[in-house]
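Undergrad: What follows is the file work_37.cif, containing mmCIF, C-alpha atoms and all ligand atoms:
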data_final
loop_
_atom_site.group_PDB
_atom_site.id
_atom_site.type_symbol
_atom_site.label_atom_id
_atom_site.label_comp_id
_atom_site.auth_asym_id
_atom_site.auth_seq_id
_atom_site.Cartn_x
_atom_site.Cartn_y
_atom_site.Cartn_z
ATOM 1 C CA MET A 4 6.077 -0.327 -18.477
ATOM 2 C CA LEU A 5 6.752 2.519 -16.060
ATOM 3 C CA SER A 6 9.660 2.413 -13.676
ATOM 4 C CA ARG A 7 8.995 2.012 -9.997
ATOM 5 C CA LYS A 8 10.177 5.571 -9.489
ATOM 6 C CA ALA A 9 7.754 6.943 -12.077
ATOM 7 C CA GLU A 10 4.896 5.010 -10.445
ATOM 8 C CA ASP A 11 5.839 6.515 -7.080
ATOM 9 C CA TYR A 12 5.712 10.011 -8.548
ATOM 10 C CA LEU A 13 2.277 9.523 -10.094
ATOM 11 C CA GLU A 14 1.014 8.019 -6.827
ATOM 12 C CA ALA A 15 2.425 10.915 -4.793
ATOM 13 C CA ILE A 16 1.034 13.566 -7.159
ATOM 14 C CA LEU A 17 -2.404 11.918 -7.008
ATOM 15 C CA ASN A 18 -2.371 12.000 -3.199
ATOM 16 C CA ILE A 19 -1.175 15.607 -3.009
ATOM 17 C CA GLU A 20 -3.740 16.687 -5.596
ATOM 18 C CA GLU A 21 -6.522 15.006 -3.624
ATOM 19 C CA LYS A 22 -5.397 16.570 -0.362
ATOM 20 C CA LYS A 23 -4.518 20.101 -1.501
ATOM 21 C CA GLY A 24 -6.219 20.500 -4.855
ATOM 22 C CA TYR A 25 -2.923 21.368 -6.563
ATOM 23 C CA THR A 26 0.666 20.113 -6.628
ATOM 24 C CA ARG A 27 3.903 22.067 -6.468
ATOM 25 C CA ILE A 28 7.418 20.738 -6.971
ATOM 26 C CA LYS A 29 8.185 21.199 -3.287
ATOM 27 C CA ASP A 30 5.135 19.137 -2.270
ATOM 28 C CA ILE A 31 6.437 16.201 -4.301
ATOM 29 C CA ALA A 32 9.968 16.682 -2.976
ATOM 30 C CA LEU A 33 8.604 16.546 0.567
ATOM 31 C CA ALA A 34 6.365 13.536 -0.053
ATOM 32 C CA LEU A 35 9.092 11.462 -1.704
ATOM 33 C CA ASN A 36 11.967 12.822 0.344
ATOM 34 C CA VAL A 37 13.995 13.887 -2.709
ATOM 35 C CA LYS A 38 15.597 17.129 -3.860
ATOM 36 C CA PRO A 39 13.402 19.616 -5.749
ATOM 37 C CA SER A 40 15.902 19.545 -8.639
ATOM 38 C CA SER A 41 15.382 15.774 -9.012
ATOM 39 C CA VAL A 42 11.613 16.310 -8.946
ATOM 40 C CA VAL A 43 11.822 18.863 -11.756
ATOM 41 C CA GLU A 44 13.897 16.459 -13.828
ATOM 42 C CA MET A 45 11.453 13.571 -13.342
ATOM 43 C CA VAL A 46 8.344 15.675 -13.783
ATOM 44 C CA LYS A 47 9.692 16.982 -17.106
ATOM 45 C CA ARG A 48 10.196 13.403 -18.257
ATOM 46 C CA LEU A 49 6.666 12.466 -17.163
ATOM 47 C CA ASP A 50 5.380 15.510 -19.015
ATOM 48 C CA ASP A 51 7.199 14.423 -22.197
ATOM 49 C CA ARG A 52 5.535 11.022 -21.944
ATOM 50 C CA GLY A 53 2.068 12.470 -21.397
ATOM 51 C CA PHE A 54 1.540 11.481 -17.750
ATOM 52 C CA VAL A 55 1.556 14.990 -16.269
ATOM 53 C CA ASN A 56 1.371 18.608 -17.299
ATOM 54 C CA TYR A 57 4.150 20.706 -15.846
ATOM 55 C CA ARG A 58 4.197 24.478 -16.132
ATOM 56 C CA LYS A 59 6.920 26.167 -14.159
ATOM 57 C CA TYR A 60 4.694 28.572 -12.241
ATOM 58 C CA ASP A 61 1.469 26.555 -12.192
ATOM 59 C CA GLY A 62 2.866 23.352 -10.812
ATOM 60 C CA VAL A 63 2.057 19.809 -11.804
ATOM 61 C CA THR A 64 -1.243 18.197 -12.775
ATOM 62 C CA LEU A 65 -1.928 14.625 -13.775
ATOM 63 C CA THR A 66 -3.230 13.880 -17.254
ATOM 64 C CA PRO A 67 -6.042 11.275 -17.410
ATOM 65 C CA LYS A 68 -3.406 8.666 -18.339
ATOM 66 C CA GLY A 69 -1.223 9.690 -15.358
ATOM 67 C CA ALA A 70 -4.187 9.767 -12.987
ATOM 68 C CA GLU A 71 -5.209 6.264 -14.040
ATOM 69 C CA ILE A 72 -1.785 4.882 -13.162
ATOM 70 C CA GLY A 73 -1.609 6.925 -9.943
ATOM 71 C CA ARG A 74 -4.964 5.497 -8.849
ATOM 72 C CA ALA A 75 -3.952 1.944 -9.745
ATOM 73 C CA VAL A 76 -0.717 2.201 -7.749
ATOM 74 C CA TRP A 77 -2.501 3.810 -4.791
ATOM 75 C CA GLY A 78 -5.126 1.048 -4.921
ATOM 76 C CA ARG A 79 -2.375 -1.569 -4.715
ATOM 77 C CA HIS A 80 -0.788 0.393 -1.881
ATOM 78 C CA THR A 81 -3.948 0.493 0.262
ATOM 79 C CA THR A 82 -4.686 -3.189 -0.429
ATOM 80 C CA ILE A 83 -1.218 -4.331 0.590
ATOM 81 C CA ARG A 84 -1.163 -2.026 3.612
ATOM 82 C CA ALA A 85 -4.509 -3.395 4.791
ATOM 83 C CA PHE A 86 -3.231 -6.946 4.359
ATOM 84 C CA LEU A 87 -0.048 -6.223 6.319
ATOM 85 C CA GLU A 88 -2.116 -4.638 9.088
ATOM 86 C CA ILE A 89 -4.329 -7.728 9.231
ATOM 87 C CA ILE A 90 -1.245 -9.835 9.857
ATOM 88 C CA LYS A 91 -0.283 -7.407 12.650
ATOM 89 C CA VAL A 92 2.502 -5.452 10.988
ATOM 90 C CA PRO A 93 2.596 -2.052 12.756
ATOM 91 C CA GLU A 94 1.041 0.773 10.695
ATOM 92 C CA PRO A 95 4.192 2.798 9.816
ATOM 93 C CA THR A 96 6.016 -0.349 8.668
ATOM 94 C CA ALA A 97 2.953 -1.589 6.773
ATOM 95 C CA ASP A 98 2.723 1.747 4.969
ATOM 96 C CA LYS A 99 6.420 1.828 4.120
ATOM 97 C CA ASP A 100 6.548 -1.771 2.904
ATOM 98 C CA ALA A 101 3.300 -1.433 0.941
ATOM 99 C CA CYS A 102 5.059 1.257 -1.082
ATOM 100 C CA ILE A 103 7.810 -1.213 -1.953
ATOM 101 C CA ILE A 104 5.669 -4.293 -2.659
ATOM 102 C CA GLU A 105 3.079 -2.354 -4.693
ATOM 103 C CA HIS A 106 5.365 -2.273 -7.725
ATOM 104 C CA GLU A 107 6.310 -5.915 -7.801
ATOM 105 C CA LEU A 108 3.237 -8.128 -7.688
ATOM 106 C CA GLU A 109 1.244 -9.779 -10.457
ATOM 107 C CA PRO A 110 -2.374 -8.564 -10.818
ATOM 108 C CA LYS A 111 -3.660 -12.001 -9.730
ATOM 109 C CA THR A 112 -1.702 -11.791 -6.486
ATOM 110 C CA ILE A 113 -3.067 -8.320 -5.765
ATOM 111 C CA GLU A 114 -6.575 -9.569 -6.546
ATOM 112 C CA GLN A 115 -6.240 -12.416 -4.053
ATOM 113 C CA ILE A 116 -4.819 -10.102 -1.387
ATOM 114 C CA ARG A 117 -7.767 -7.747 -2.022
ATOM 115 C CA ASN A 118 -10.150 -10.724 -1.695
ATOM 116 C CA LEU A 119 -8.593 -11.708 1.607
ATOM 117 C CA VAL A 120 -8.773 -8.141 2.938
ATOM 118 C CA ASP A 121 -12.432 -7.820 1.876
ATOM 119 C CA PHE A 122 -13.205 -11.260 3.314
ATOM 120 C CA VAL A 123 -11.725 -10.354 6.694
ATOM 121 C CA LYS A 124 -13.287 -6.893 6.750
ATOM 122 C CA SER A 125 -16.747 -8.154 5.804
ATOM 123 C CA ALA A 126 -16.825 -10.714 8.635
ATOM 124 C CA PRO A 127 -19.728 -9.825 10.980
ATOM 125 C CA ASP A 128 -17.521 -10.444 14.020
ATOM 126 C CA TYR A 129 -13.785 -10.243 14.516
ATOM 127 C CA PRO A 130 -12.615 -13.570 13.027
ATOM 128 C CA GLN A 131 -11.694 -16.234 15.548
ATOM 129 C CA TRP A 132 -8.746 -17.373 13.453
ATOM 130 C CA LEU A 133 -7.323 -13.869 13.702
ATOM 131 C CA GLU A 134 -7.711 -13.888 17.461
ATOM 132 C CA HIS A 135 -5.886 -17.213 17.423
ATOM 133 C CA PHE A 136 -3.230 -15.761 15.160
ATOM 134 C CA GLU A 137 -2.623 -12.963 17.678
ATOM 135 C CA VAL A 138 -2.213 -15.510 20.459
ATOM 136 C CA PHE A 139 0.114 -17.472 18.214
ATOM 137 C CA CYS A 140 2.235 -14.372 17.499
ATOM 138 C CA ASN A 141 2.558 -13.695 21.209
ATOM 139 C CA THR A 142 3.061 -17.231 22.482
ATOM 140 C CA GLY A 143 4.094 -19.397 19.540
ATOM 141 C CA VAL A 144 1.242 -21.746 20.391
ATOM 142 C CA HIS A 145 -1.885 -22.278 18.325
ATOM 143 C CA PRO A 146 -4.828 -22.129 20.772
ATOM 144 C CA CYS A 147 -6.605 -24.994 18.952
ATOM 145 C CA VAL A 148 -3.597 -27.268 19.423
ATOM 146 C CA GLU A 149 -3.503 -26.364 23.092
ATOM 147 C CA GLU A 150 -7.237 -27.072 23.421
ATOM 148 C CA LYS A 151 -6.902 -30.438 21.703
ATOM 149 C CA ARG A 152 -4.038 -31.413 23.988
ATOM 150 C CA LYS A 153 -6.092 -30.466 27.028
ATOM 151 C CA GLY A 154 -9.059 -32.399 25.640
ATOM 152 C CA LYS A 155 -6.942 -35.523 25.177
ATOM 153 C CA ARG A 156 -5.533 -35.258 28.668
ATOM 154 C CA ALA A 157 -9.058 -34.850 30.072
ATOM 155 C CA SER A 158 -10.243 -37.976 28.283
ATOM 156 C CA VAL A 159 -7.272 -40.007 29.581
ATOM 157 C CA VAL A 160 -7.991 -39.023 33.177
HETATM 158 FE FE FE2 B 1 2.861 3.633 -2.419
#
In structure tokens, what does this structure look like?
Ligand code: FE2

TA:
Amino acid sequence: MLSRKAEDYLEAILNIEEKKGYTRIKDIALALNVKPSSVVEMVKRLDDRGFVNYRKYDGVTLTPKGAEIGRAVWGRHTTIRAFLEIIKVPEPTADKDACIIEHELEPKTIEQIRNLVDFVKSAPDYPQWLEHFEVFCNTGVHPCVEEKRKGKRASVV
């Protein structure tokens, strides 16, 4: 089992590598908001365990084993972020919290969140229940309940 911190490093290195094509210590320090000296320390440990290759002047590259974990963590991140955005969490918060939750959940939970995200995104039209959810967030009233109440009143009159 990798620590949460180690997972964050592999995830960050994967993203930097994909964006820039290479990764330097300072890129990781910037991405994770930590001191370069801490990055060197951690990267050396990840190198010892076979997750990255670190050469002082060439920077850091992921080994296949490290890349596999980086991709898995990033996959969990994007799934959770998409879910949080569906339930109307603002993007910066969704991104920040996804990076916390991504380390904690059981695979089955992630799978079901992924299913929900895919289900919502594959709907041909914007789902009515989500429209109702937005109204509910803003007013505290479920539109269906309101409609039913109105319907009842109409039938009494
Ligand atoms: Fe993350």

Undergrad: Since I can't run it myself right now, could you work out what the PyMOL selection byres (((not hetatm)) within 7 of (chain B and resi 1)) selects here and report it as a list in words?

TA: Asp11, Glu14, Val76, Trp77, His80, Ala101, Cys102, Ile103 and Glu105 of chain A

Undergrad: Tell me which protein, DNA and RNA residues are within 10 Å of stretch 137-148 of chain A, counting only C-alpha atoms, leaving out same-chain ones fewer than 6 positions away, and put them as a PDB file with C-alpha atoms, keeping the file's coordinate frame.

TA:
ATOM      1  CA  ILE A  90      -1.245  -9.835   9.857  1.00  0.00           C
ATOM      2  CA  LYS A  91      -0.283  -7.407  12.650  1.00  0.00           C
ATOM      3  CA  GLN A 131     -11.694 -16.234  15.548  1.00  0.00           C
ATOM      4  CA  GLY A 154      -9.059 -32.399  25.640  1.00  0.00           C
TER       5      GLY A 154
END

Undergrad: My list of candidates is A:Ala157, A:Ile83, A:Asp128, A:Lys47. Which is closest to A:Gln115 when distances are computed with all atoms listed in the file?

TA: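 Looking at the shortest contact to A:Gln115, the residue is A:Ile83.
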
Undergrad: Rounded to one decimal place, report the atom CA of A:Leu13-atom CA of A:Gly69 distance in Å.

TA: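 These two atoms are separated by 6.3 Å.
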
Undergrad: Can you tell me which residues surround stretch 30-33 of chain A at a distance of at most 10 Å, considering only C-alpha atoms, apart from same-chain residues fewer than 2 positions away, and format the answer as a ChimeraX atom specification?

TA: /A:12-13,15-16,18-20,23,25-28,35-43,46,62-63

Undergrad: Could you write out as AutoDock Vina command-line options the box around stretch 90-93 of chain A (axis-aligned, all atoms listed in the file, 8 Å on each side), with centre and edge lengths in Å to one decimal?

TA:
--center_x 0.7 --center_y -5.9 --center_z 11.3 --size_x 19.8 --size_y 23.8 --size_z 18.9

Undergrad: Expand the PyMOL selection byres (((chain A and resi 6) around 12) and not hetatm) into the explicit residue set it covers here, and present it as number ranges by chain.

TA: A: 4-5, 7-13, 45, 48-49, 72, 76, 106-107

Undergrad: Next, write the just-selected residues to a file, as a compact mmCIF listing (two decimals), keeping the file's coordinate frame, keeping C-alpha atoms as the atom set.

TA:
# COMPACT_ATOMS: atom_id res chain seq x y z
CA MET A 4 6.08 -0.33 -18.48
CA LEU A 5 6.75 2.52 -16.06
CA ARG A 7 8.99 2.01 -10.00
CA LYS A 8 10.18 5.57 -9.49
CA ALA A 9 7.75 6.94 -12.08
CA GLU A 10 4.90 5.01 -10.44
CA ASP A 11 5.84 6.52 -7.08
CA TYR A 12 5.71 10.01 -8.55
CA LEU A 13 2.28 9.52 -10.09
CA MET A 45 11.45 13.57 -13.34
CA ARG A 48 10.20 13.40 -18.26
CA LEU A 49 6.67 12.47 -17.16
CA ILE A 72 -1.78 4.88 -13.16
CA VAL A 76 -0.72 2.20 -7.75
CA HIS A 106 5.36 -2.27 -7.72
CA GLU A 107 6.31 -5.92 -7.80

Undergrad: Quick check, in Å to one decimal: how far apart do atom CA of A:Phe136 and atom CA of A:Ile89 lie?

TA: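 Those two atoms sit 10.0 Å apart.
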
Undergrad: Using Å and a single decimal, report how far atom CA of A:Asn56 sits from atom CA of A:Thr81.

TA: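 Answer for the atom CA of A:Thr81 to atom CA of A:Asn56 separation: 25.8 Å.
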
Undergrad: My structure is short of atoms at stretch 54-79 of chain A; please model N, CA, C and O atoms there, returning them as a tab-separated table (two decimals), in the coordinates of the input.

TA:
chain	number	residue	atom	x	y	z
A	54	PHE	N	2.15	11.90	-19.02
A	54	PHE	CA	1.54	11.48	-17.75
A	54	PHE	C	1.16	12.66	-16.86
A	54	PHE	O	0.30	12.55	-16.01
A	55	VAL	N	1.88	13.78	-17.04
A	55	VAL	CA	1.56	14.99	-16.27
A	55	VAL	C	1.68	16.21	-17.17
A	55	VAL	O	2.26	16.15	-18.26
A	56	ASN	N	1.10	17.31	-16.69
A	56	ASN	CA	1.37	18.61	-17.30
A	56	ASN	C	2.18	19.41	-16.29
A	56	ASN	O	1.77	19.54	-15.14
A	57	TYR	N	3.32	19.90	-16.74
A	57	TYR	CA	4.15	20.71	-15.85
A	57	TYR	C	4.38	22.09	-16.46
A	57	TYR	O	4.91	22.21	-17.56
A	58	ARG	N	3.92	23.10	-15.72
A	58	ARG	CA	4.20	24.48	-16.13
A	58	ARG	C	4.90	25.13	-14.95
A	58	ARG	O	4.38	25.11	-13.83
A	59	LYS	N	6.04	25.68	-15.22
A	59	LYS	CA	6.92	26.17	-14.16
A	59	LYS	C	6.20	26.88	-13.02
A	59	LYS	O	6.46	26.59	-11.85
A	60	TYR	N	5.30	27.80	-13.33
A	60	TYR	CA	4.69	28.57	-12.24
A	60	TYR	C	3.32	28.05	-11.80
A	60	TYR	O	2.78	28.51	-10.81
A	61	ASP	N	2.78	27.09	-12.56
A	61	ASP	CA	1.47	26.56	-12.19
A	61	ASP	C	1.55	25.21	-11.48
A	61	ASP	O	0.56	24.71	-10.97
A	62	GLY	N	2.72	24.64	-11.48
A	62	GLY	CA	2.87	23.35	-10.81
A	62	GLY	C	2.58	22.18	-11.73
A	62	GLY	O	2.69	22.28	-12.94
A	63	VAL	N	2.18	21.07	-11.09
A	63	VAL	CA	2.06	19.81	-11.80
A	63	VAL	C	0.63	19.30	-11.70
A	63	VAL	O	0.04	19.30	-10.63
A	64	THR	N	0.06	18.86	-12.82
A	64	THR	CA	-1.24	18.20	-12.78
A	64	THR	C	-1.14	16.88	-13.54
A	64	THR	O	-0.37	16.76	-14.49
A	65	LEU	N	-1.93	15.92	-13.10
A	65	LEU	CA	-1.93	14.62	-13.78
A	65	LEU	C	-2.80	14.70	-15.03
A	65	LEU	O	-3.87	15.31	-15.00
A	66	THR	N	-2.35	14.06	-16.08
A	66	THR	CA	-3.23	13.88	-17.25
A	66	THR	C	-4.13	12.68	-16.92
A	66	THR	O	-3.85	11.95	-15.96
A	67	PRO	N	-5.21	12.46	-17.69
A	67	PRO	CA	-6.04	11.28	-17.41
A	67	PRO	C	-5.23	9.98	-17.37
A	67	PRO	O	-5.44	9.11	-16.51
A	68	LYS	N	-4.26	9.86	-18.29
A	68	LYS	CA	-3.41	8.67	-18.34
A	68	LYS	C	-2.56	8.54	-17.06
A	68	LYS	O	-2.41	7.47	-16.48
A	69	GLY	N	-2.02	9.68	-16.58
A	69	GLY	CA	-1.22	9.69	-15.36
A	69	GLY	C	-2.08	9.40	-14.14
A	69	GLY	O	-1.66	8.67	-13.23
A	70	ALA	N	-3.29	9.97	-14.13
A	70	ALA	CA	-4.19	9.77	-12.99
A	70	ALA	C	-4.60	8.30	-12.89
A	70	ALA	O	-4.70	7.74	-11.79
A	71	GLU	N	-4.79	7.67	-14.04
A	71	GLU	CA	-5.21	6.26	-14.04
A	71	GLU	C	-4.12	5.39	-13.39
A	71	GLU	O	-4.42	4.53	-12.56
A	72	ILE	N	-2.88	5.66	-13.75
A	72	ILE	CA	-1.78	4.88	-13.16
A	72	ILE	C	-1.64	5.22	-11.68
A	72	ILE	O	-1.48	4.34	-10.85
A	73	GLY	N	-1.71	6.51	-11.35
A	73	GLY	CA	-1.61	6.92	-9.94
A	73	GLY	C	-2.65	6.22	-9.09
A	73	GLY	O	-2.34	5.71	-8.01
A	74	ARG	N	-3.88	6.16	-9.60
A	74	ARG	CA	-4.96	5.50	-8.85
A	74	ARG	C	-4.72	4.00	-8.72
A	74	ARG	O	-4.96	3.42	-7.67
A	75	ALA	N	-4.21	3.39	-9.78
A	75	ALA	CA	-3.95	1.94	-9.74
A	75	ALA	C	-2.87	1.64	-8.71
A	75	ALA	O	-3.00	0.69	-7.91
A	76	VAL	N	-1.81	2.44	-8.70
A	76	VAL	CA	-0.72	2.20	-7.75
A	76	VAL	C	-1.22	2.43	-6.32
A	76	VAL	O	-0.95	1.64	-5.42
A	77	TRP	N	-1.99	3.51	-6.13
A	77	TRP	CA	-2.50	3.81	-4.79
A	77	TRP	C	-3.46	2.71	-4.33
A	77	TRP	O	-3.49	2.33	-3.15
A	78	GLY	N	-4.23	2.16	-5.25
A	78	GLY	CA	-5.13	1.05	-4.92
A	78	GLY	C	-4.33	-0.16	-4.44
A	78	GLY	O	-4.69	-0.80	-3.45
A	79	ARG	N	-3.22	-0.45	-5.13
A	79	ARG	CA	-2.38	-1.57	-4.72
A	79	ARG	C	-1.78	-1.27	-3.34
A	79	ARG	O	-1.70	-2.14	-2.47
